[in-house]
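Text of start_26.cif, listed as mmCIF, C-alpha atoms and all ligand atoms:
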data_target
loop_
_atom_site.label_atom_id
_atom_site.label_comp_id
_atom_site.auth_asym_id
_atom_site.auth_seq_id
_atom_site.Cartn_x
_atom_site.Cartn_y
_atom_site.Cartn_z
CA MET A 1158 131.66 87.68 106.80
CA ILE A 1159 130.28 89.08 103.56
CA ASP A 1160 130.22 92.85 103.54
CA SER A 1161 127.42 93.87 101.17
CA ASP A 1162 128.46 96.23 98.48
CA GLY A 1163 126.56 98.08 95.75
CA ILE A 1164 122.79 98.27 96.01
CA LEU A 1165 122.70 95.79 98.91
CA SER A 1166 124.63 98.27 101.04
CA MET A 1167 121.54 100.49 100.84
CA ILE A 1168 119.38 97.97 102.74
CA GLY A 1169 118.43 99.12 106.24
CA ASN A 1170 118.92 102.43 108.05
CA THR A 1171 115.37 103.34 107.03
CA PRO A 1172 113.84 106.54 108.40
CA LEU A 1173 111.97 106.65 111.69
CA ILE A 1174 109.62 109.58 111.44
CA ARG A 1175 107.36 111.34 113.92
CA LEU A 1176 103.63 111.00 113.15
CA ARG A 1177 101.83 113.99 114.66
CA ARG A 1178 98.70 113.94 112.49
CA LEU A 1179 97.65 110.31 112.38
CA ILE A 1180 96.10 110.33 115.87
CA PRO A 1181 95.87 114.06 116.66
CA GLU A 1182 94.49 113.50 120.18
CA ALA A 1183 97.36 111.16 121.16
CA ARG A 1184 99.56 112.48 123.95
CA PHE A 1185 102.20 109.81 123.43
CA ARG A 1186 104.96 110.14 120.80
CA LEU A 1187 104.14 108.05 117.74
CA PHE A 1188 106.77 107.14 115.13
CA GLY A 1189 106.62 105.18 111.88
CA LYS A 1190 109.55 103.07 110.65
CA LEU A 1191 109.40 103.37 106.88
CA GLU A 1192 110.59 100.04 105.51
CA ALA A 1193 109.43 101.13 102.05
CA LEU A 1194 112.68 103.06 101.84
CA ASN A 1195 114.69 99.87 101.45
CA PRO A 1196 115.92 99.66 97.84
CA ALA A 1197 113.50 96.91 96.74
CA GLY A 1198 110.72 98.50 98.76
CA SER A 1199 110.10 96.42 101.87
CA ALA A 1200 111.39 95.03 105.17
CA LYS A 1201 111.97 91.75 103.35
CA ASP A 1202 115.11 93.20 101.74
CA ARG A 1203 116.74 92.72 105.14
CA SER A 1204 115.67 89.08 105.56
CA ALA A 1205 116.50 88.22 101.95
CA ARG A 1206 120.01 89.61 102.26
CA GLY A 1207 120.50 87.90 105.63
CA MET A 1208 119.37 84.46 104.44
CA ILE A 1209 121.31 84.45 101.15
CA GLU A 1210 124.53 85.96 102.48
CA ARG A 1211 124.64 83.64 105.52
CA ALA A 1212 124.07 80.67 103.15
CA LEU A 1213 126.93 81.88 100.91
CA GLU A 1214 129.19 82.33 103.95
CA LYS A 1215 128.41 78.84 105.25
CA GLY A 1216 129.02 77.32 101.80
CA LYS A 1217 125.42 76.06 101.59
CA ILE A 1218 125.08 77.69 98.17
CA ASN A 1219 127.40 78.54 95.30
CA SER A 1220 127.12 80.43 92.01
CA ASP A 1221 125.30 77.47 90.35
CA THR A 1222 122.64 77.11 93.04
CA VAL A 1223 118.98 77.60 92.10
CA VAL A 1224 117.13 79.41 94.88
CA VAL A 1225 113.44 78.44 95.28
CA GLU A 1226 111.11 80.28 97.67
CA SER A 1227 107.42 80.66 98.38
CA SER A 1228 106.24 84.24 98.77
CA SER A 1229 103.09 86.27 98.35
CA GLY A 1230 105.22 89.10 97.04
CA ASN A 1231 107.67 91.11 99.09
CA MET A 1232 110.09 88.31 99.97
CA ALA A 1233 110.13 87.33 96.31
CA ILE A 1234 111.09 90.89 95.32
CA GLY A 1235 113.67 91.13 98.11
CA LEU A 1236 115.19 87.80 97.06
CA ALA A 1237 115.04 88.76 93.39
CA GLN A 1238 117.18 91.79 94.19
CA VAL A 1239 119.68 89.88 96.34
CA CYS A 1240 119.90 86.85 93.99
CA GLY A 1241 120.19 89.21 91.01
CA TYR A 1242 123.11 90.93 92.70
CA TRP A 1243 124.89 87.65 93.46
CA GLY A 1244 124.09 86.17 90.02
CA LEU A 1245 121.90 83.36 91.38
CA ARG A 1246 118.90 81.89 89.54
CA LEU A 1247 115.68 82.37 91.55
CA ILE A 1248 112.28 80.68 91.16
CA CYS A 1249 109.46 82.38 93.13
CA VAL A 1250 106.37 80.30 93.91
CA VAL A 1251 103.44 82.72 94.08
CA ASP A 1252 99.63 82.50 94.17
CA PRO A 1253 96.68 84.58 92.90
CA ARG A 1254 96.88 87.01 95.84
CA THR A 1255 100.20 88.32 94.55
CA THR A 1256 99.45 91.70 92.99
CA PRO A 1257 100.23 92.37 89.29
CA GLN A 1258 102.77 94.99 90.38
CA HIS A 1259 104.60 92.45 92.55
CA LEU A 1260 104.71 89.99 89.63
CA GLN A 1261 106.05 92.62 87.24
CA LEU A 1262 108.73 93.63 89.72
CA ILE A 1263 109.85 90.03 90.33
CA ARG A 1264 110.21 89.52 86.56
CA ALA A 1265 111.91 92.89 86.08
CA TYR A 1266 114.61 91.84 88.56
CA GLY A 1267 115.19 88.76 86.39
CA ALA A 1268 113.60 86.08 88.59
CA GLU A 1269 111.23 83.36 87.39
CA ILE A 1270 107.61 82.94 88.49
CA ASP A 1271 106.03 79.60 89.33
CA TYR A 1272 102.30 80.19 89.70
CA VAL A 1273 100.15 78.06 92.02
CA ALA A 1274 96.60 78.64 90.80
CA GLU A 1275 94.63 76.48 93.25
CA PRO A 1276 94.69 76.31 97.06
CA ASP A 1277 95.63 73.09 98.81
CA PRO A 1278 92.61 70.75 98.43
CA GLU A 1279 92.77 69.53 102.06
CA THR A 1280 93.13 72.87 103.88
CA GLY A 1281 91.85 75.31 101.25
CA ASP A 1282 94.99 77.37 101.85
CA PHE A 1283 97.34 78.82 99.25
CA LEU A 1284 100.41 78.88 101.49
CA VAL A 1285 100.11 75.15 102.06
CA ALA A 1286 99.83 74.62 98.29
CA ARG A 1287 102.84 76.87 97.63
CA LEU A 1288 105.01 74.99 100.11
CA LYS A 1289 104.14 71.66 98.49
CA ARG A 1290 105.20 73.10 95.15
CA VAL A 1291 108.50 74.40 96.59
CA ARG A 1292 109.32 70.93 97.96
CA GLN A 1293 108.50 69.38 94.58
CA LEU A 1294 110.73 71.86 92.69
CA CYS A 1295 113.59 71.31 95.15
CA SER A 1296 113.38 67.55 94.72
CA GLU A 1297 113.48 67.93 90.93
CA ILE A 1298 116.29 70.52 90.61
CA ASP A 1299 119.91 69.64 91.37
CA ASN A 1300 121.76 72.06 93.67
CA SER A 1301 118.59 73.87 94.72
CA PHE A 1302 118.25 75.88 97.92
CA TRP A 1303 115.06 76.75 99.78
CA PRO A 1304 115.79 79.68 102.12
CA ASN A 1305 112.57 78.75 103.95
CA GLN A 1306 111.67 82.15 105.36
CA TYR A 1307 109.16 80.46 107.70
CA ALA A 1308 111.82 78.59 109.68
CA ASN A 1309 115.17 80.22 108.89
CA PRO A 1310 116.79 81.90 111.94
CA ASP A 1311 118.60 84.23 109.53
CA ASN A 1312 115.19 85.74 108.68
CA CYS A 1313 114.60 86.99 112.25
CA GLY A 1314 118.35 87.43 112.71
CA ALA A 1315 118.32 90.20 110.12
CA HIS A 1316 115.76 92.12 112.18
CA TYR A 1317 117.58 91.37 115.45
CA GLU A 1318 120.80 92.78 113.99
CA THR A 1319 119.41 95.76 112.09
CA THR A 1320 115.73 96.88 112.26
CA ILE A 1321 115.24 97.07 115.99
CA CYS A 1322 118.77 98.31 116.75
CA GLU A 1323 118.10 101.25 114.44
CA VAL A 1324 114.84 102.04 116.29
CA VAL A 1325 116.33 101.76 119.79
CA GLU A 1326 119.33 103.85 118.83
CA ALA A 1327 117.22 106.59 117.21
CA LEU A 1328 115.06 106.84 120.35
CA ASN A 1329 117.93 106.59 122.85
CA GLY A 1330 116.37 103.45 124.27
CA GLU A 1331 112.96 105.01 124.97
CA LEU A 1332 110.46 102.57 123.49
CA ASP A 1333 107.25 101.65 125.33
CA TYR A 1334 105.18 100.07 122.54
CA LEU A 1335 106.16 98.42 119.27
CA PHE A 1336 103.45 97.43 116.74
CA VAL A 1337 104.46 94.85 114.11
CA ALA A 1338 102.40 93.12 111.41
CA VAL A 1339 103.02 89.37 111.36
CA SER A 1340 103.26 86.61 108.81
CA THR A 1341 106.43 84.46 108.98
CA PHE A 1342 107.03 86.00 112.46
CA GLY A 1343 110.53 86.95 111.30
CA THR A 1344 110.28 90.69 111.90
CA ILE A 1345 108.52 90.55 115.25
CA ARG A 1346 110.64 87.69 116.56
CA GLY A 1347 113.94 89.38 115.73
CA CYS A 1348 112.76 92.66 117.28
CA ALA A 1349 111.25 91.06 120.40
CA GLU A 1350 114.27 88.84 121.08
CA TYR A 1351 116.59 91.83 120.87
CA LEU A 1352 114.43 93.88 123.26
CA ARG A 1353 114.25 90.93 125.69
CA ASP A 1354 118.02 90.37 125.51
CA GLN A 1355 118.61 94.06 126.19
CA GLY A 1356 116.33 93.85 129.24
CA MET A 1357 113.92 96.41 127.80
CA ALA A 1358 110.30 96.43 129.01
CA THR A 1359 108.85 97.40 125.62
CA LYS A 1360 105.41 95.93 124.98
CA VAL A 1361 105.51 94.21 121.60
CA ILE A 1362 102.10 94.06 119.90
CA ALA A 1363 101.52 91.63 117.03
CA VAL A 1364 99.08 92.74 114.34
CA ASP A 1365 97.52 89.68 112.72
CA ALA A 1366 94.78 89.25 110.12
CA GLU A 1367 91.30 87.98 110.88
CA GLY A 1368 91.20 84.54 109.31
CA SER A 1369 94.94 83.90 109.87
CA VAL A 1370 95.81 80.81 111.95
CA LEU A 1371 98.73 82.35 113.83
CA PHE A 1372 96.93 83.34 117.02
CA CYS A 1373 93.40 82.04 116.34
CA ASN A 1374 92.33 78.93 114.57
CA GLU A 1375 89.47 80.35 112.54
CA ARG A 1376 90.77 80.16 109.04
CA LYS A 1377 88.97 82.36 106.53
CA ARG A 1378 89.65 84.08 103.24
CA ARG A 1379 92.04 87.05 103.46
CA MET A 1380 92.74 89.49 100.67
CA ILE A 1381 95.69 91.55 101.95
CA PRO A 1382 99.02 89.97 100.95
CA GLY A 1383 101.83 89.80 103.50
CA LEU A 1384 99.60 89.82 106.59
CA GLY A 1385 98.71 86.70 108.57
CA ALA A 1386 99.37 83.07 107.69
CA GLY A 1387 97.45 79.97 106.65
CA ARG A 1388 99.85 77.74 108.58
CA ARG A 1389 101.88 78.36 111.73
CA PRO A 1390 105.50 79.01 110.76
CA GLU A 1391 108.31 77.40 112.76
CA LEU A 1392 109.46 80.92 113.79
CA PHE A 1393 106.11 81.53 115.56
CA ASP A 1394 106.63 82.12 119.31
CA PRO A 1395 103.69 83.84 121.03
CA SER A 1396 105.59 84.07 124.34
CA LEU A 1397 107.61 86.95 122.86
CA VAL A 1398 104.50 89.06 122.36
CA GLU A 1399 102.55 91.12 124.90
CA GLU A 1400 99.33 90.70 122.97
CA TYR A 1401 97.92 90.45 119.49
CA VAL A 1402 95.35 92.57 117.67
CA LEU A 1403 93.29 91.07 114.85
CA VAL A 1404 92.49 93.35 111.92
CA SER A 1405 90.13 92.77 109.01
CA ASP A 1406 90.78 93.44 105.33
CA VAL A 1407 88.54 96.51 105.65
CA ASP A 1408 90.61 97.75 108.63
CA CYS A 1409 93.72 97.54 106.43
CA ILE A 1410 92.05 99.52 103.65
CA VAL A 1411 90.69 102.18 106.02
CA GLY A 1412 94.05 102.41 107.84
CA CYS A 1413 96.03 102.79 104.59
CA ARG A 1414 93.73 105.52 103.37
CA ARG A 1415 93.89 107.32 106.73
CA LEU A 1416 97.70 107.16 106.71
CA VAL A 1417 97.92 108.77 103.29
CA ALA A 1418 95.16 111.33 104.02
CA ARG A 1419 96.63 112.46 107.35
CA GLU A 1420 100.39 111.93 106.97
CA ALA A 1421 100.82 111.73 103.16
CA ILE A 1422 102.44 108.31 103.59
CA LEU A 1423 101.45 105.83 100.87
CA ALA A 1424 102.05 102.47 102.53
CA GLY A 1425 101.00 98.88 101.85
CA GLY A 1426 98.06 96.89 103.21
CA SER A 1427 99.60 95.55 106.41
CA SER A 1428 100.60 99.10 107.43
CA GLY A 1429 96.92 100.03 107.35
CA GLY A 1430 96.25 97.18 109.77
CA VAL A 1431 99.00 98.45 112.05
CA VAL A 1432 97.51 101.96 111.99
CA MET A 1433 94.13 100.59 113.11
CA ALA A 1434 95.74 98.45 115.82
CA VAL A 1435 97.49 101.52 117.31
CA GLU A 1436 94.17 103.37 117.14
CA ARG A 1437 92.50 100.51 119.03
CA LEU A 1438 95.06 100.43 121.87
CA LYS A 1439 95.77 104.18 121.99
CA ASP A 1440 94.13 104.75 125.38
CA ARG A 1441 96.48 102.26 127.00
CA ILE A 1442 99.68 103.94 125.85
CA PRO A 1443 100.97 106.26 128.59
CA ALA A 1444 100.73 109.99 127.85
CA ASP A 1445 104.50 110.46 127.96
CA GLY A 1446 105.19 107.13 126.25
CA THR A 1447 106.88 106.35 122.95
CA CYS A 1448 105.25 104.11 120.40
CA VAL A 1449 106.70 102.82 117.12
CA ALA A 1450 104.71 101.33 114.24
CA ILE A 1451 106.64 99.38 111.62
CA PHE A 1452 105.32 100.04 108.11
CA HIS A 1453 106.52 97.04 106.11
CA ASP A 1454 106.18 98.22 102.51
CA ARG A 1455 105.07 100.87 100.06
CA GLY A 1456 101.59 101.54 98.72
CA ASP A 1457 102.50 101.72 95.03
CA ARG A 1458 102.18 97.92 94.94
CA TYR A 1459 98.52 98.15 96.00
CA LEU A 1460 97.19 100.72 93.53
CA ASP A 1461 94.95 98.10 91.91
CA THR A 1462 93.68 96.76 95.25
CA VAL A 1463 93.76 98.72 98.53
CA PHE A 1464 93.84 102.10 96.77
CA SER A 1465 91.41 101.21 93.97
CA ASP A 1466 87.83 102.33 94.70
CA ASP A 1467 86.51 99.84 92.14
CA TRP A 1468 88.35 96.91 93.74
CA VAL A 1469 87.23 97.91 97.22
CA ARG A 1470 83.59 98.31 96.09
CA GLU A 1471 83.65 94.98 94.29
CA HIS A 1472 84.91 93.07 97.33
CA PHE A 1473 83.62 95.03 100.33
CA GLY A 1474 80.79 97.27 99.12
CA ASP A 1475 80.61 100.99 99.72
CA LEU A 1476 82.76 101.75 102.78
CA GLU A 1477 81.66 105.42 102.91
CA GLN A 1478 78.01 104.47 103.12
CA SER A 1479 78.61 101.72 105.65
CA GLY A 1480 80.34 104.31 107.86
CA GLN A 1481 83.77 102.66 107.58
CA GLY A 1482 85.32 105.02 105.03
C1 LIG A 1501 103.64 93.86 103.68
C2 LIG A 1501 104.06 92.92 104.76
N1 LIG A 1501 103.74 93.21 106.02
C3 LIG A 1501 104.07 92.39 107.04
C4 LIG A 1501 104.75 91.21 106.82
C5 LIG A 1501 105.07 90.31 107.98
O1 LIG A 1501 106.44 90.15 108.21
P1 LIG A 1501 107.03 88.79 108.75
O2 LIG A 1501 106.93 87.78 107.66
O3 LIG A 1501 108.44 89.12 109.09
O4 LIG A 1501 106.22 88.37 109.94
C6 LIG A 1501 105.09 90.89 105.51
C7 LIG A 1501 105.75 89.62 105.21
O5 LIG A 1501 105.66 89.10 104.12
C8 LIG A 1501 104.75 91.76 104.46
O6 LIG A 1501 105.06 91.48 103.17
#
Have the structure of the file written as structure tokens, please.
Ligand SMILES: Cc1ncc(COP(=O)(O)O)c(C=O)c1O
Amino acid sequence: MIDSDGILSMIGNTPLIRLRRLIPEARFRLFGKLEALNPAGSAKDRSARGMIERALEKGKINSDTVVVESSSGNMAIGLAQVCGYWGLRLICVVDPRTTPQHLQLIRAYGAEIDYVAEPDPETGDFLVARLKRVRQLCSEIDNSFWPNQYANPDNCGAHYETTICEVVEALNGELDYLFVAVSTFGTIRGCAEYLRDQGMATKVIAVDAEGSVLFCNERKRRMIPGLGAGRRPELFDPSLVEEYVLVSDVDCIVGCRRLVAREAILAGGSSGGVVMAVERLKDRIPADGTCVAIFHDRGDRYLDTVFSDDWVREHFGDLEQSGQG
């Protein structure tokens, strides 16, 4: 088994911190798992390392392999770090929702960008268009490898083996509620399968985007990258989840701004959605219970979107005046 060295050895063991100010009236213990503290800035560092290192171990890839993956941002950065470390060429297929900061970071790590400018004409979805492009690139390039984060068991395996073990250990097994934002279903699936296998009764809550087709089939435009999906990934398994909460783009913005105002934590868009989901279910969490919210990434990548007043006004109007600020 490959034992990660160098920067990759810094992936995981992220802090789990007590949040006393976010919901001051809460009587339960609320914690945030800060995945931003991974070296390339998100929970995807774990999945990227898991998928590439397992593929190296199994001999599926070698030093000449070209890795091709579809990502709206964080997986691309996570893979760019891991592929950079192992000296592998990486092509990231992205779309217009990828933020300029994400694109700059992918390039800075030395990976290549393949930009899909138009959504799939049949479904109107960018993810569908990106996946078509990945298949095309893989058929054209010799010795190419598509990690396929949507179907790869090593994506959820990384969370089964690391993320949730860290949480359970830090809390001595006391975990009543776990809130997780969903897209490929890798994070939530790995966490939920571990809790099930350990016989724990933790209620796992999926936080999905309005307009995503994971839990509901009402596709609509979404502006927060990393949250929700335009196509059901193979890893999707709703039986592992107690329930889902749908959050809007505005919920994500309001939640992010509340998290930084009350806890001084600058986190990314999906974390804002998670904050609002906890707020929505707070009366159900027992007074002596323990609740963990996973915050997938850092807010620096959203300075031109979620944290930009101009961007918010342009797309959603004046949130203060509409009473949502
Ligand atoms: C910011 C952010 N939050 C949440 C998720 C969802 O994680 P998963 O794909 O493991 O379901 C992602 C995945 O891309 C993400 O980038």
>> Excluding Leu1460 (chain A) and its own-chain neighbours fewer than 3 positions away, which residues fall within 10 Å of it when counting all atoms listed in the file? Please give them as a list in words.
In response: Thr1256, Pro1257, Gln1258, Leu1423, Gly1425, Gly1456, Asp1457, Val1463, Phe1464, Ser1465, Asp1466 and Trp1468 of chain A
> Looking at A:Leu1191, A:Ala1349, A:Leu1247, A:Ala1286, which one is nearest to Leu1176 (chain A), with distances taken over all atoms listed in the file?
Replying inline: A:Leu1191
Take every atom of region 1345-1353 of chain A listed in the file, fit an axis-aligned box around them, add 6 Å per side, and give the centre and edge lengths in Å to one decimal as lines of an AutoDock Vina configuration file.
center_x = 112.6
center_y = 90.8
center_z = 120.5
size_x = 20.1
size_y = 18.2
size_z = 22.4
Taking all atoms listed in the file into account, which residues have an atom no farther than 6 Å from ligand LIG 1501 (chain A)? I'd like them as a compact mmCIF listing (two decimals) with C-alpha atoms, keeping the file's coordinate frame.
# COMPACT_ATOMS: atom_id res chain seq x y z
CA ASN A 1231 107.67 91.11 99.09
CA ALA A 1338 102.40 93.12 111.41
CA VAL A 1339 103.02 89.37 111.36
CA SER A 1340 103.26 86.61 108.81
CA THR A 1341 106.43 84.46 108.98
CA PHE A 1342 107.03 86.00 112.46
CA GLY A 1343 110.53 86.95 111.30
CA THR A 1344 110.28 90.69 111.90
CA GLY A 1383 101.83 89.80 103.50
CA LEU A 1384 99.60 89.82 106.59
CA GLY A 1425 101.00 98.88 101.85
CA SER A 1427 99.60 95.55 106.41
CA HIS A 1453 106.52 97.04 106.11
CA ASP A 1454 106.18 98.22 102.51
>> With distances taken over only C-alpha atoms, which residue among A:Gly1387, A:Met1158, A:Leu1438, A:Tyr1334 lies nearest Lys1215 (chain A)?
In response: A:Met1158
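The two atoms in question, CA of Phe1336 (chain A) and CA of Val1449 (chain A), are spaced 6.3 Å apart.
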>> I want to know what sits within 8 Å of Pro1196 (chain A), based on all atoms listed in the file, with residues of the same chain fewer than 4 positions away left out; could you give that as a list in words?
In response: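 These residues fall inside the cut-off: Ile1164, Leu1165, Met1167, Ile1168 and Asp1202 of chain A.
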Which residues are close to Val1404 (chain A), i.e. within 9 Å by only C-alpha atoms, leaving aside same-chain residues fewer than 4 positions away? Reply as a PDB file with C-alpha atoms, in the coordinates of the input.
ATOM      1  CA  VAL A1364      99.080  92.740 114.340  1.00  0.00           C
ATOM      2  CA  ASP A1365      97.520  89.680 112.720  1.00  0.00           C
ATOM      3  CA  ALA A1366      94.780  89.250 110.120  1.00  0.00           C
ATOM      4  CA  GLU A1367      91.300  87.980 110.880  1.00  0.00           C
ATOM      5  CA  ASP A1408      90.610  97.750 108.630  1.00  0.00           C
ATOM      6  CA  CYS A1409      93.720  97.540 106.430  1.00  0.00           C
ATOM      7  CA  GLY A1430      96.250  97.180 109.770  1.00  0.00           C
ATOM      8  CA  VAL A1431      99.000  98.450 112.050  1.00  0.00           C
ATOM      9  CA  MET A1433      94.130 100.590 113.110  1.00  0.00           C
ATOM     10  CA  ALA A1434      95.740  98.450 115.820  1.00  0.00           C
TER      11      ALA A1434
END
>> Here is a test: counting all atoms listed in the file, which residue of A:Met1357, A:Val1432, A:Val1239, A:Ala1424 is nearest to Gly1412 (chain A)?
In response: A:Val1432
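If all atoms listed in the file are the atoms counted, then among A:Ser1166, A:Asn1219, A:Ser1369, A:Ser1428 the closest residue to Leu1403 (chain A) is A:Ser1369.
Straight-line separation from CA of Thr1222 (chain A) to CA of Gly1198 (chain A): 25.1 Å.
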> Could you work out how far CA of Cys1373 (chain A) lies from CA of Gly1446 (chain A), giving the answer in Å with one decimal?
Replying inline: 29.4 Å
> Which one is closest to Arg1246 (chain A): A:Phe1393, A:Phe1302, A:Tyr1272, A:Tyr1351? Count all atoms listed in the file.
Replying inline: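 Closest to Arg1246 (chain A), using all atoms listed in the file: A:Phe1302.
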Since the input lacks atoms, please generate N, CA and C atoms for region 1458-1473 of chain A and provide them as a PDB file, in the frame of the given file.
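And here is the file that came out, rebuild23.pdb:
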ATOM      1  N   ARG A1458     102.447  99.310  95.348  1.00  0.00           N
ATOM      2  CA  ARG A1458     102.180  97.920  94.940  1.00  0.00           C
ATOM      3  C   ARG A1458     100.712  97.547  95.127  1.00  0.00           C
ATOM      4  N   TYR A1459      99.917  98.459  95.682  1.00  0.00           N
ATOM      5  CA  TYR A1459      98.520  98.150  96.000  1.00  0.00           C
ATOM      6  C   TYR A1459      97.559  99.117  95.304  1.00  0.00           C
ATOM      7  N   LEU A1460      98.039  99.737  94.217  1.00  0.00           N
ATOM      8  CA  LEU A1460      97.190 100.720  93.530  1.00  0.00           C
ATOM      9  C   LEU A1460      95.957 100.061  92.918  1.00  0.00           C
ATOM     10  N   ASP A1461      96.093  98.792  92.519  1.00  0.00           N
ATOM     11  CA  ASP A1461      94.950  98.100  91.910  1.00  0.00           C
ATOM     12  C   ASP A1461      94.083  97.384  92.947  1.00  0.00           C
ATOM     13  N   THR A1462      94.468  97.441  94.209  1.00  0.00           N
ATOM     14  CA  THR A1462      93.680  96.760  95.250  1.00  0.00           C
ATOM     15  C   THR A1462      93.291  97.768  96.338  1.00  0.00           C
ATOM     16  N   VAL A1463      94.092  97.870  97.376  1.00  0.00           N
ATOM     17  CA  VAL A1463      93.760  98.720  98.530  1.00  0.00           C
ATOM     18  C   VAL A1463      93.387 100.153  98.136  1.00  0.00           C
ATOM     19  N   PHE A1464      94.092 100.703  97.146  1.00  0.00           N
ATOM     20  CA  PHE A1464      93.840 102.100  96.770  1.00  0.00           C
ATOM     21  C   PHE A1464      92.941 102.234  95.538  1.00  0.00           C
ATOM     22  N   SER A1465      92.339 101.137  95.109  1.00  0.00           N
ATOM     23  CA  SER A1465      91.410 101.210  93.970  1.00  0.00           C
ATOM     24  C   SER A1465      89.971 101.191  94.493  1.00  0.00           C
ATOM     25  N   ASP A1466      89.230 102.267  94.231  1.00  0.00           N
ATOM     26  CA  ASP A1466      87.830 102.330  94.700  1.00  0.00           C
ATOM     27  C   ASP A1466      87.013 101.199  94.080  1.00  0.00           C
ATOM     28  N   ASP A1467      87.281 100.897  92.806  1.00  0.00           N
ATOM     29  CA  ASP A1467      86.510  99.840  92.140  1.00  0.00           C
ATOM     30  C   ASP A1467      86.751  98.485  92.812  1.00  0.00           C
ATOM     31  N   TRP A1468      88.015  98.202  93.098  1.00  0.00           N
ATOM     32  CA  TRP A1468      88.350  96.910  93.740  1.00  0.00           C
ATOM     33  C   TRP A1468      87.697  96.825  95.125  1.00  0.00           C
ATOM     34  N   VAL A1469      87.795  97.916  95.857  1.00  0.00           N
ATOM     35  CA  VAL A1469      87.230  97.910  97.220  1.00  0.00           C
ATOM     36  C   VAL A1469      85.713  97.701  97.147  1.00  0.00           C
ATOM     37  N   ARG A1470      85.060  98.430  96.217  1.00  0.00           N
ATOM     38  CA  ARG A1470      83.590  98.310  96.090  1.00  0.00           C
ATOM     39  C   ARG A1470      83.202  96.885  95.697  1.00  0.00           C
ATOM     40  N   GLU A1471      83.976  96.331  94.774  1.00  0.00           N
ATOM     41  CA  GLU A1471      83.650  94.980  94.290  1.00  0.00           C
ATOM     42  C   GLU A1471      83.717  93.944  95.424  1.00  0.00           C
ATOM     43  N   HIS A1472      84.709  94.103  96.308  1.00  0.00           N
ATOM     44  CA  HIS A1472      84.910  93.070  97.330  1.00  0.00           C
ATOM     45  C   HIS A1472      84.268  93.386  98.674  1.00  0.00           C
ATOM     46  N   PHE A1473      84.088  94.679  98.979  1.00  0.00           N
ATOM     47  CA  PHE A1473      83.620  95.030 100.330  1.00  0.00           C
ATOM     48  C   PHE A1473      82.434  95.980 100.339  1.00  0.00           C
TER      49      PHE A1473
END
